[in-house]
>>> print(open('final_28.pdb').read())   # PDB, C-alpha atoms, pLDDT in the B column
ATOM      1  CA  MET L   1      16.676 104.430  68.451  1.00 30.00           C
ATOM      2  CA  ASN L   2      18.299 101.037  67.884  1.00 31.00           C
ATOM      3  CA  ILE L   3      18.442 100.603  64.117  1.00 32.00           C
ATOM      4  CA  SER L   4      18.983  96.856  64.373  1.00 35.00           C
ATOM      5  CA  SER L   5      15.727  96.375  66.274  1.00 36.00           C
ATOM      6  CA  ASN L   6      13.388  98.424  64.118  1.00 40.00           C
ATOM      7  CA  PRO L   7      12.024  97.792  60.620  1.00 46.00           C
ATOM      8  CA  PRO L   8      13.644 100.132  58.081  1.00 45.00           C
ATOM      9  CA  GLN L   9      10.327 101.723  57.110  1.00 46.00           C
ATOM     10  CA  TRP L  10      10.091 103.181  60.622  1.00 44.00           C
ATOM     11  CA  LEU L  11      13.521 104.745  60.373  1.00 49.00           C
ATOM     12  CA  TYR L  12      13.381 106.382  56.951  1.00 52.00           C
ATOM     13  CA  PRO L  13       9.707 107.115  56.181  1.00 54.00           C
ATOM     14  CA  ASN L  14      10.509 109.576  53.372  1.00 60.00           C
ATOM     15  CA  LEU L  15      12.680 107.175  51.366  1.00 60.00           C
ATOM     16  CA  SER L  16      11.756 104.393  48.962  1.00 61.00           C
ATOM     17  CA  TRP L  17      11.678 100.821  50.257  1.00 54.00           C
ATOM     18  CA  THR L  18      14.890  99.983  48.389  1.00 60.00           C
ATOM     19  CA  ASP L  19      16.741 102.947  49.894  1.00 64.00           C
ATOM     20  CA  ARG L  20      15.429 102.147  53.369  1.00 58.00           C
ATOM     21  CA  LYS L  21      16.772  98.606  53.114  1.00 57.00           C
ATOM     22  CA  THR L  22      20.158  99.926  51.988  1.00 61.00           C
ATOM     23  CA  LEU L  23      20.431 102.183  55.030  1.00 61.00           C
ATOM     24  CA  ALA L  24      19.134  99.633  57.511  1.00 57.00           C
ATOM     25  CA  ARG L  25      21.232  96.961  59.163  1.00 55.00           C
ATOM     26  CA  VAL L  26      20.529  93.766  61.038  1.00 56.00           C
ATOM     27  CA  ASP L  27      21.748  92.606  64.406  1.00 59.00           C
ATOM     28  CA  ASN L  28      24.861  90.424  64.204  1.00 59.00           C
ATOM     29  CA  CYS L  29      23.236  88.109  66.720  1.00 65.00           C
ATOM     30  CA  PRO L  30      19.943  86.687  65.397  1.00 66.00           C
ATOM     31  CA  GLN L  31      19.338  85.107  68.809  1.00 73.00           C
ATOM     32  CA  ALA L  32      18.579  88.606  70.091  1.00 75.00           C
ATOM     33  CA  ASP L  33      15.543  88.871  67.802  1.00 74.00           C
ATOM     34  CA  THR L  34      14.259  85.521  69.006  1.00 87.00           C
ATOM     35  CA  GLN L  35      14.766  86.503  72.639  1.00 88.00           C
ATOM     36  CA  HIS L  36      12.644  89.616  72.075  1.00 88.00           C
ATOM     37  CA  LEU L  37       9.886  87.404  70.671  1.00 91.00           C
ATOM     38  CA  LYS L  38      10.112  84.975  73.594  1.00 92.00           C
ATOM     39  CA  ASP L  39       9.990  87.791  76.151  1.00 93.00           C
ATOM     40  CA  LEU L  40       6.965  89.376  74.485  1.00 92.00           C
ATOM     41  CA  VAL L  41       4.972  86.149  74.214  1.00 94.00           C
ATOM     42  CA  GLU L  42       5.757  85.187  77.805  1.00 95.00           C
ATOM     43  CA  LEU L  43       4.678  88.645  78.968  1.00 94.00           C
ATOM     44  CA  LEU L  44       1.371  88.352  77.112  1.00 94.00           C
ATOM     45  CA  CYS L  45       0.775  84.884  78.517  1.00 94.00           C
ATOM     46  CA  SER L  46       1.570  86.095  82.044  1.00 95.00           C
ATOM     47  CA  VAL L  47      -1.490  88.358  81.868  1.00 95.00           C
ATOM     48  CA  ASN L  48      -3.692  85.622  80.369  1.00 94.00           C
ATOM     49  CA  ASN L  49      -3.486  87.029  76.867  1.00 93.00           C
ATOM     50  CA  CYS L  50      -1.512  84.372  74.987  1.00 93.00           C
ATOM     51  CA  PRO L  51      -1.667  84.765  71.202  1.00 94.00           C
ATOM     52  CA  GLU L  52      -3.083  81.849  69.238  1.00 93.00           C
ATOM     53  CA  VAL L  53      -0.732  82.500  66.320  1.00 94.00           C
ATOM     54  CA  VAL L  54       2.364  84.647  65.816  1.00 94.00           C
ATOM     55  CA  TYR L  55       2.990  85.595  62.182  1.00 93.00           C
ATOM     56  CA  MET L  56       6.521  86.102  60.894  1.00 92.00           C
ATOM     57  CA  ASP L  57       7.038  89.139  58.655  1.00 88.00           C
ATOM     58  CA  MET L  58      10.463  89.029  56.987  1.00 84.00           C
ATOM     59  CA  ASP L  59      12.403  90.413  54.050  1.00 84.00           C
ATOM     60  CA  LEU L  60      13.965  87.355  52.425  1.00 88.00           C
ATOM     61  CA  THR L  61      15.887  89.357  49.807  1.00 83.00           C
ATOM     62  CA  TYR L  62      17.987  91.439  52.203  1.00 75.00           C
ATOM     63  CA  ILE L  63      20.132  88.774  53.874  1.00 79.00           C
ATOM     64  CA  THR L  64      18.330  85.503  53.205  1.00 85.00           C
ATOM     65  CA  SER L  65      20.500  83.373  55.481  1.00 84.00           C
ATOM     66  CA  TYR L  66      19.900  85.740  58.393  1.00 82.00           C
ATOM     67  CA  SER L  67      16.132  85.716  57.844  1.00 86.00           C
ATOM     68  CA  LEU L  68      16.104  81.915  57.696  1.00 89.00           C
ATOM     69  CA  ALA L  69      18.144  81.646  60.895  1.00 88.00           C
ATOM     70  CA  VAL L  70      15.719  83.923  62.744  1.00 89.00           C
ATOM     71  CA  LEU L  71      12.705  82.061  61.338  1.00 92.00           C
ATOM     72  CA  HIS L  72      14.139  78.732  62.462  1.00 92.00           C
ATOM     73  CA  MET L  73      14.758  79.926  66.013  1.00 92.00           C
ATOM     74  CA  ASN L  74      11.416  81.717  66.215  1.00 94.00           C
ATOM     75  CA  LYS L  75       9.581  78.586  65.125  1.00 95.00           C
ATOM     76  CA  GLN L  76      11.374  76.557  67.795  1.00 94.00           C
ATOM     77  CA  ILE L  77      10.551  79.113  70.489  1.00 94.00           C
ATOM     78  CA  LEU L  78       6.880  79.264  69.533  1.00 95.00           C
ATOM     79  CA  ASN L  79       6.646  75.472  69.478  1.00 95.00           C
ATOM     80  CA  SER L  80       8.150  75.320  72.963  1.00 95.00           C
ATOM     81  CA  LEU L  81       5.526  77.815  74.152  1.00 95.00           C
ATOM     82  CA  ASN L  82       2.684  75.919  72.415  1.00 95.00           C
ATOM     83  CA  ILE L  83       1.963  78.917  70.179  1.00 95.00           C
ATOM     84  CA  SER L  84       1.137  78.377  66.508  1.00 94.00           C
ATOM     85  CA  PHE L  85       3.690  79.552  63.951  1.00 95.00           C
ATOM     86  CA  GLY L  86       2.533  81.719  61.063  1.00 93.00           C
ATOM     87  CA  ILE L  87       4.012  83.284  57.933  1.00 92.00           C
ATOM     88  CA  ASN L  88       3.098  86.629  56.386  1.00 89.00           C
ATOM     89  CA  LEU L  89       3.405  85.849  52.685  1.00 87.00           C
ATOM     90  CA  VAL L  90       4.449  89.098  50.995  1.00 86.00           C
ATOM     91  CA  ASP L  91       5.522  90.187  47.520  1.00 86.00           C
ATOM     92  CA  GLN L  92       9.149  91.076  48.217  1.00 86.00           C
ATOM     93  CA  CYS L  93       9.239  93.454  45.224  1.00 87.00           C
ATOM     94  CA  VAL L  94       7.066  95.929  47.147  1.00 82.00           C
ATOM     95  CA  GLU L  95       6.665  99.027  44.909  1.00 78.00           C
ATOM     96  CA  ILE L  96       9.279  98.056  42.289  1.00 83.00           C
ATOM     97  CA  ASP L  97       7.892  97.754  38.743  1.00 83.00           C
ATOM     98  CA  ASN L  98       8.893  94.951  36.353  1.00 87.00           C
ATOM     99  CA  CYS L  99       9.932  92.747  39.265  1.00 89.00           C
ATOM    100  CA  VAL L 100       9.367  89.192  40.497  1.00 90.00           C
ATOM    101  CA  ALA L 101      10.901  87.581  43.574  1.00 90.00           C
ATOM    102  CA  GLU L 102      12.622  84.370  42.495  1.00 90.00           C
ATOM    103  CA  ILE L 103      14.687  81.564  43.960  1.00 89.00           C
ATOM    104  CA  LEU L 104      18.288  82.002  42.835  1.00 83.00           C
ATOM    105  CA  SER L 105      18.960  79.271  40.283  1.00 73.00           C
ATOM    106  CA  THR L 106      22.561  78.754  41.418  1.00 76.00           C
ATOM    107  CA  ASP L 107      21.734  78.763  45.128  1.00 73.00           C
ATOM    108  CA  HIS L 108      18.331  77.424  46.129  1.00 74.00           C
ATOM    109  CA  SER L 109      18.705  78.880  49.617  1.00 82.00           C
ATOM    110  CA  GLN L 110      18.492  82.481  48.422  1.00 86.00           C
ATOM    111  CA  ILE L 111      15.665  84.733  47.233  1.00 88.00           C
ATOM    112  CA  VAL L 112      16.547  87.471  44.738  1.00 87.00           C
ATOM    113  CA  LEU L 113      14.603  90.113  42.829  1.00 88.00           C
ATOM    114  CA  ASN L 114      14.405  89.729  39.069  1.00 88.00           C
ATOM    115  CA  LEU L 115      14.295  93.382  38.018  1.00 87.00           C
ATOM    116  CA  ASP L 116      13.860  92.606  34.324  1.00 87.00           C
ATOM    117  CA  THR L 117      10.788  90.413  34.533  1.00 86.00           C
ATOM    118  CA  LYS L 118       9.385  91.446  31.144  1.00 85.00           C
ATOM    119  CA  SER L 119      12.332  89.771  29.419  1.00 87.00           C
ATOM    120  CA  LYS L 120      11.430  86.450  31.036  1.00 85.00           C
ATOM    121  CA  TYR L 121       7.652  86.862  31.167  1.00 82.00           C
ATOM    122  CA  PRO L 122       6.820  89.326  28.341  1.00 86.00           C
ATOM    123  CA  ASN L 123       3.038  89.062  28.633  1.00 84.00           C
ATOM    124  CA  VAL L 124       2.459  89.231  32.378  1.00 84.00           C
ATOM    125  CA  THR L 125       0.720  92.137  34.085  1.00 83.00           C
ATOM    126  CA  ARG L 126       1.906  93.850  37.253  1.00 83.00           C
ATOM    127  CA  ASN L 127      -0.674  91.947  39.294  1.00 81.00           C
ATOM    128  CA  GLN L 128       0.450  88.654  37.768  1.00 83.00           C
ATOM    129  CA  MET L 129       4.034  89.513  38.708  1.00 86.00           C
ATOM    130  CA  GLN L 130       2.891  89.915  42.286  1.00 85.00           C
ATOM    131  CA  GLU L 131       1.215  86.512  42.254  1.00 82.00           C
ATOM    132  CA  LEU L 132       4.343  84.917  40.773  1.00 86.00           C
ATOM    133  CA  SER L 133       6.377  86.437  43.601  1.00 88.00           C
ATOM    134  CA  LEU L 134       3.996  84.997  46.197  1.00 86.00           C
ATOM    135  CA  ILE L 135       4.142  81.532  44.632  1.00 85.00           C
ATOM    136  CA  ASN L 136       7.949  81.611  44.475  1.00 88.00           C
ATOM    137  CA  VAL L 137       8.291  82.726  48.092  1.00 90.00           C
ATOM    138  CA  LEU L 138       5.777  80.096  49.227  1.00 87.00           C
ATOM    139  CA  ASN L 139       7.647  77.328  47.390  1.00 86.00           C
ATOM    140  CA  PHE L 140      10.909  78.575  48.854  1.00 90.00           C
ATOM    141  CA  LEU L 141       9.548  78.431  52.407  1.00 91.00           C
ATOM    142  CA  ILE L 142       8.078  74.965  51.809  1.00 87.00           C
ATOM    143  CA  ASN L 143      11.429  73.704  50.515  1.00 87.00           C
ATOM    144  CA  GLN L 144      13.175  75.248  53.525  1.00 90.00           C
ATOM    145  CA  ASN L 145      10.751  73.375  55.839  1.00 89.00           C
ATOM    146  CA  PHE L 146       9.173  76.508  57.294  1.00 90.00           C
ATOM    147  CA  VAL L 147       5.718  75.781  55.900  1.00 88.00           C
ATOM    148  CA  ASP L 148       4.076  72.526  56.925  1.00 84.00           C
ATOM    149  CA  LYS L 149       0.593  71.243  57.717  1.00 81.00           C
ATOM    150  CA  ASP L 150       0.432  73.273  60.931  1.00 87.00           C
ATOM    151  CA  THR L 151       1.646  76.589  59.516  1.00 89.00           C
ATOM    152  CA  HIS L 152      -0.776  79.497  59.352  1.00 89.00           C
ATOM    153  CA  ILE L 153      -0.418  81.695  56.264  1.00 86.00           C
ATOM    154  CA  ALA L 154      -1.562  85.281  55.793  1.00 84.00           C
ATOM    155  CA  ILE L 155      -1.140  86.880  52.363  1.00 79.00           C
ATOM    156  CA  THR L 156      -0.411  90.512  53.143  1.00 79.00           C
ATOM    157  CA  SER L 157       1.334  93.562  51.687  1.00 78.00           C
ATOM    158  CA  TRP L 158       3.920  96.141  52.713  1.00 80.00           C
ATOM    159  CA  THR L 159       2.469  98.851  50.466  1.00 78.00           C
ATOM    160  CA  THR L 160      -0.855 100.399  49.473  1.00 73.00           C
ATOM    161  CA  TRP L 161      -0.322  99.258  45.881  1.00 69.00           C
ATOM    162  CA  PRO L 162      -2.406  98.640  43.846  1.00 68.00           C
ATOM    163  CA  ILE L 163      -4.781 101.547  44.280  1.00 71.00           C
ATOM    164  CA  GLU L 164      -7.886 100.336  42.478  1.00 76.00           C
ATOM    165  CA  ILE L 165     -11.169 102.174  42.870  1.00 78.00           C
ATOM    166  CA  GLY L 166     -14.760 101.816  41.718  1.00 82.00           C
ATOM    167  CA  GLN L 167     -15.166  99.400  38.816  1.00 80.00           C
ATOM    168  CA  GLN L 168     -11.428  98.695  38.877  1.00 77.00           C
ATOM    169  CA  THR L 169     -12.104  96.390  41.832  1.00 75.00           C
ATOM    170  CA  ASN L 170     -14.558  94.267  39.839  1.00 77.00           C
ATOM    171  CA  GLU L 171     -13.455  90.629  39.917  1.00 74.00           C
ATOM    172  CA  LEU L 172     -14.442  90.271  36.261  1.00 75.00           C
ATOM    173  CA  ARG L 173     -12.051  93.010  35.078  1.00 74.00           C
ATOM    174  CA  SER L 174      -9.134  91.229  33.412  1.00 71.00           C
ATOM    175  CA  GLY L 175      -5.769  92.262  34.810  1.00 70.00           C
ATOM    176  CA  GLY L 176      -7.189  93.730  38.005  1.00 73.00           C
ATOM    177  CA  MET L 177      -6.009  92.662  41.439  1.00 72.00           C
ATOM    178  CA  ALA L 178      -9.183  90.775  42.356  1.00 71.00           C
ATOM    179  CA  HIS L 179      -9.433  89.058  38.952  1.00 69.00           C
ATOM    180  CA  THR L 180      -5.770  88.051  38.998  1.00 70.00           C
ATOM    181  CA  ALA L 181      -6.008  86.677  42.536  1.00 66.00           C
ATOM    182  CA  ASN L 182      -9.101  84.622  41.688  1.00 65.00           C
ATOM    183  CA  ASP L 183      -7.563  83.357  38.466  1.00 61.00           C
ATOM    184  CA  ASN L 184      -4.193  82.462  39.966  1.00 55.00           C
ATOM    185  CA  ILE L 185      -3.136  79.150  41.460  1.00 48.00           C
ATOM    186  CA  ILE L 186      -1.727  80.612  44.677  1.00 53.00           C
ATOM    187  CA  PHE L 187      -4.950  79.777  46.542  1.00 51.00           C
ATOM    188  CA  TYR L 188      -5.080  76.227  45.240  1.00 50.00           C
ATOM    189  CA  GLN L 189      -1.403  75.685  45.930  1.00 50.00           C
ATOM    190  CA  ILE L 190      -1.816  76.654  49.578  1.00 51.00           C
ATOM    191  CA  ILE L 191      -5.111  74.841  50.116  1.00 48.00           C
ATOM    192  CA  ASN L 192      -3.982  71.666  48.369  1.00 50.00           C
ATOM    193  CA  TYR L 193      -0.724  71.618  50.302  1.00 47.00           C
ATOM    194  CA  SER L 194      -2.638  70.827  53.467  1.00 44.00           C
ATOM    195  CA  ASP L 195      -6.255  71.043  54.525  1.00 40.00           C
ATOM    196  CA  LEU L 196      -5.041  72.277  57.905  1.00 37.00           C
ATOM    197  CA  ILE L 197      -3.286  75.386  56.630  1.00 39.00           C
ATOM    198  CA  VAL L 198      -5.193  78.524  57.496  1.00 38.00           C
ATOM    199  CA  LEU L 199      -5.387  80.994  54.623  1.00 39.00           C
ATOM    200  CA  ILE L 200      -6.171  84.636  55.171  1.00 35.00           C
ATOM    201  CA  TYR L 201      -6.134  86.873  52.132  1.00 35.00           C
ATOM    202  CA  ILE L 202      -5.840  90.565  52.879  1.00 33.00           C
ATOM    203  CA  LEU L 203      -6.199  92.716  49.771  1.00 33.00           C
ATOM    204  CA  THR L 204      -4.626  96.134  49.995  1.00 31.00           C
ATOM    205  CA  LEU L 205      -7.135  97.870  47.794  1.00 32.00           C
ATOM    206  CA  ARG L 206      -8.094 101.455  48.400  1.00 31.00           C
ATOM    207  CA  ILE L 207     -11.811 101.467  47.654  1.00 30.00           C
ATOM    208  CA  ARG L 208     -13.966 104.552  47.570  1.00 27.00           C
TER     209      ARG L 208
END
>>> encode(input="final_28.pdb", output="C-alpha cells")
Amino acid sequence: MNISSNPPQWLYPNLSWTDRKTLARVDNCPQADTQHLKDLVELLCSVNNCPEVVYMDMDLTYITSYSLAVLHMNKQILNSLNISFGINLVDQCVEIDNCVAEILSTDHSQIVLNLDTKSKYPNVTRNQMQELSLINVLNFLINQNFVDKDTHIAITSWTTWPIEIGQQTNELRSGGMAHTANDNIIFYQIINYSDLIVLIYILTLRIR
C-alpha cells in the first residue's frame, strides 16, 4: 500500500487520529495528487457520469502549505473540466478535547490547533469549540481565496462525535449539538457570504 496516497485513517485504524497523522506522510510532489483527481474525473466523464461537484477533504493542520498547494491545483483542474469545486468544512480537532482550530497569529497562512482552549474561552462548551473551529477554517479558506461565490460547502465530520441520543438531540437543549448549530453564526456567515454558495449540513449524531 502506498502510504502517500491513502488517508492515514485507512492505514492505522486502531490508533488515535493524532497518532495516525504522525505516522502518515505526504507525497513530495503535490502534482501527483492533482493528477489522480484529473484522471478520475476524466474517467467518470468518459462513461457519461461526470460529477456536478467534487468536494475537497483536507487536513489543514498537518502541513498547511502542502494542503493549500493541492487545493489550488485541484481547483484549477476542476475549473478546466467545468466541474464545480467544493470544500468539506471539518473541525480539524477531530476527537481532541479542549481544542479549537485557529489561524496562527504570527503567520496567517497556517492553521494550528489550540490545545488549551479553556484558557482563552473559559465558558465555551465542546460543541461551541467545534463551531469556532469551523468558523476559523472557513475564514481562513476565504482569505486564501479558496471560497468564493461559486464554491460549494459541505459541513461534515471525520468522527462519530458527538454521540447524542434521545432527548439529547432536542434543538432546545442548551449545549447540545443541534442547539449550538442553530444558535451559532456559522450558517449566517456562509449564507451571507454569497447567495450562490450551496450549504449542506451533515450532523454526525447517532440517534436511536
>>> atom_distance(input="final_28.pdb", atom1="atom CA of L:Val53", atom2="atom CA of L:Ser84")
4.5 Å
>>> resolve_selection(input="final_28.pdb", expression="the PyMOL selection byres ((chain L and resi 113) around 9)", output="VMD selection string")
chain L and resid 61 92 to 93 99 to 104 111 to 112 114 to 116
>>> closest_residue(input="final_28.pdb", among="L:Glu52, L:Asp97, L:Asp33, L:Asp91", to="L:Lys118", atoms="all atoms listed in the file")
L:Asp97
>>> atom_distance(input="final_28.pdb", atom1="atom CA of L:His152", atom2="atom CA of L:Asn49")
19.3 Å
>>> resolve_selection(input="final_28.pdb", expression="the PyMOL selection byres ((chain L and resi 70) around 8)", output="number ranges by chain")
L: 30-31, 33-34, 66-69, 71-74
>>> closest_residue(input="final_28.pdb", among="L:Gln35, L:Leu134, L:Val147, L:Gln110", to="L:Tyr62", atoms="all atoms listed in the file")
L:Gln110
>>> atom_distance(input="final_28.pdb", atom1="atom CA of L:Leu132", atom2="atom CA of L:Lys120")
12.1 Å
>>> closest_residue(input="final_28.pdb", among="L:Ile135, L:Leu89, L:Ile153, L:Val54", to="L:Lys75", atoms="all atoms listed in the file")
L:Val54
>>> closest_residue(input="final_28.pdb", among="L:Val94, L:Leu43, L:Asn82, L:Asn88", to="L:Trp158", atoms="all atoms listed in the file")
L:Val94
>>> resolve_selection(input="final_28.pdb", expression="the PyMOL selection byres ((chain L and resi 140) around 9)", output="MDAnalysis selection string")
chainID L and resid 102:103 108:111 135:139 141:146
>>> closest_residue(input="final_28.pdb", among="L:Ile155, L:Ile77, L:Ile87, L:Val124", to="L:Glu42", atoms="only C-alpha atoms")
L:Ile77
>>> residues_around(input="final_28.pdb", residues="L:Gly175", least_positions_apart="4", cutoff="8 Å", atoms="only C-alpha atoms", output="JSON, numbers by chain")
{"L": [125, 127, 128, 179, 180]}
>>> closest_residue(input="final_28.pdb", among="L:Gln168, L:Asn79, L:Thr64, L:Thr106", to="L:Thr151", atoms="all atoms listed in the file")
L:Asn79
>>> axis_aligned_box(input="final_28.pdb", around="stretch 128-135 of chain L", padding_each_side="4 Å", output="AutoDock Vina command-line options")
--center_x 3.4 --center_y 85.7 --center_z 42.0 --size_x 13.9 --size_y 16.4 --size_z 16.4
>>> build_atoms(input="final_28.pdb", residues="stretch 68-97 of chain L", atoms="N, CA and C atoms", output="compact mmCIF listing (two decimals), in the coordinates of the input")
# COMPACT_ATOMS: atom_id res chain seq x y z
N LEU L 68 16.40 83.32 57.46
CA LEU L 68 16.10 81.92 57.70
C LEU L 68 16.53 81.47 59.09
N ALA L 69 17.67 81.99 59.55
CA ALA L 69 18.14 81.65 60.90
C ALA L 69 17.16 82.13 61.96
N VAL L 70 16.68 83.37 61.79
CA VAL L 70 15.72 83.92 62.74
C VAL L 70 14.40 83.15 62.68
N LEU L 71 13.94 82.83 61.48
CA LEU L 71 12.70 82.06 61.34
C LEU L 71 12.81 80.71 62.04
N HIS L 72 13.94 80.05 61.85
CA HIS L 72 14.14 78.73 62.46
C HIS L 72 14.07 78.82 63.98
N MET L 73 14.76 79.79 64.55
CA MET L 73 14.76 79.93 66.01
C MET L 73 13.40 80.38 66.53
N ASN L 74 12.74 81.27 65.79
CA ASN L 74 11.42 81.72 66.22
C ASN L 74 10.41 80.57 66.21
N LYS L 75 10.50 79.72 65.20
CA LYS L 75 9.58 78.59 65.12
C LYS L 75 9.81 77.64 66.30
N GLN L 76 11.06 77.42 66.65
CA GLN L 76 11.37 76.56 67.80
C GLN L 76 10.83 77.14 69.10
N ILE L 77 11.02 78.45 69.27
CA ILE L 77 10.55 79.11 70.49
C ILE L 77 9.03 79.02 70.60
N LEU L 78 8.34 79.31 69.51
CA LEU L 78 6.88 79.26 69.53
C LEU L 78 6.37 77.85 69.80
N ASN L 79 7.03 76.86 69.21
CA ASN L 79 6.65 75.47 69.48
C ASN L 79 6.82 75.13 70.95
N SER L 80 7.90 75.61 71.55
CA SER L 80 8.15 75.32 72.96
C SER L 80 7.13 75.99 73.87
N LEU L 81 6.53 77.09 73.38
CA LEU L 81 5.53 77.82 74.15
C LEU L 81 4.10 77.40 73.77
N ASN L 82 3.99 76.40 72.89
CA ASN L 82 2.68 75.92 72.42
C ASN L 82 1.88 77.01 71.72
N ILE L 83 2.59 77.86 70.97
CA ILE L 83 1.96 78.92 70.18
C ILE L 83 2.13 78.57 68.70
N SER L 84 1.06 78.71 67.93
CA SER L 84 1.14 78.38 66.51
C SER L 84 2.05 79.34 65.76
N PHE L 85 2.74 78.80 64.77
CA PHE L 85 3.69 79.55 63.95
C PHE L 85 3.01 79.96 62.65
N GLY L 86 3.15 81.24 62.29
CA GLY L 86 2.53 81.72 61.06
C GLY L 86 3.52 82.48 60.19
N ILE L 87 3.19 82.57 58.91
CA ILE L 87 4.01 83.28 57.93
C ILE L 87 3.17 84.36 57.26
N ASN L 88 3.68 85.59 57.23
CA ASN L 88 3.10 86.63 56.39
C ASN L 88 3.71 86.49 55.00
N LEU L 89 2.92 86.04 54.05
CA LEU L 89 3.40 85.85 52.68
C LEU L 89 3.27 87.17 51.94
N VAL L 90 4.42 87.74 51.54
CA VAL L 90 4.45 89.10 51.00
C VAL L 90 5.22 89.11 49.68
N ASP L 91 4.76 89.94 48.75
CA ASP L 91 5.52 90.19 47.52
C ASP L 91 6.75 91.02 47.89
N GLN L 92 7.92 90.42 47.79
CA GLN L 92 9.15 91.08 48.22
C GLN L 92 9.55 92.24 47.31
N CYS L 93 8.91 92.35 46.14
CA CYS L 93 9.24 93.45 45.22
C CYS L 93 8.70 94.79 45.72
N VAL L 94 7.70 94.74 46.59
CA VAL L 94 7.07 95.93 47.15
C VAL L 94 6.62 96.85 46.01
N GLU L 95 7.16 98.09 45.92
CA GLU L 95 6.66 99.03 44.91
C GLU L 95 7.48 99.02 43.62
N ILE L 96 8.41 98.08 43.47
CA ILE L 96 9.28 98.06 42.29
C ILE L 96 8.52 97.50 41.08
N ASP L 97 8.53 98.23 39.97
CA ASP L 97 7.89 97.75 38.74
C ASP L 97 8.78 96.72 38.05
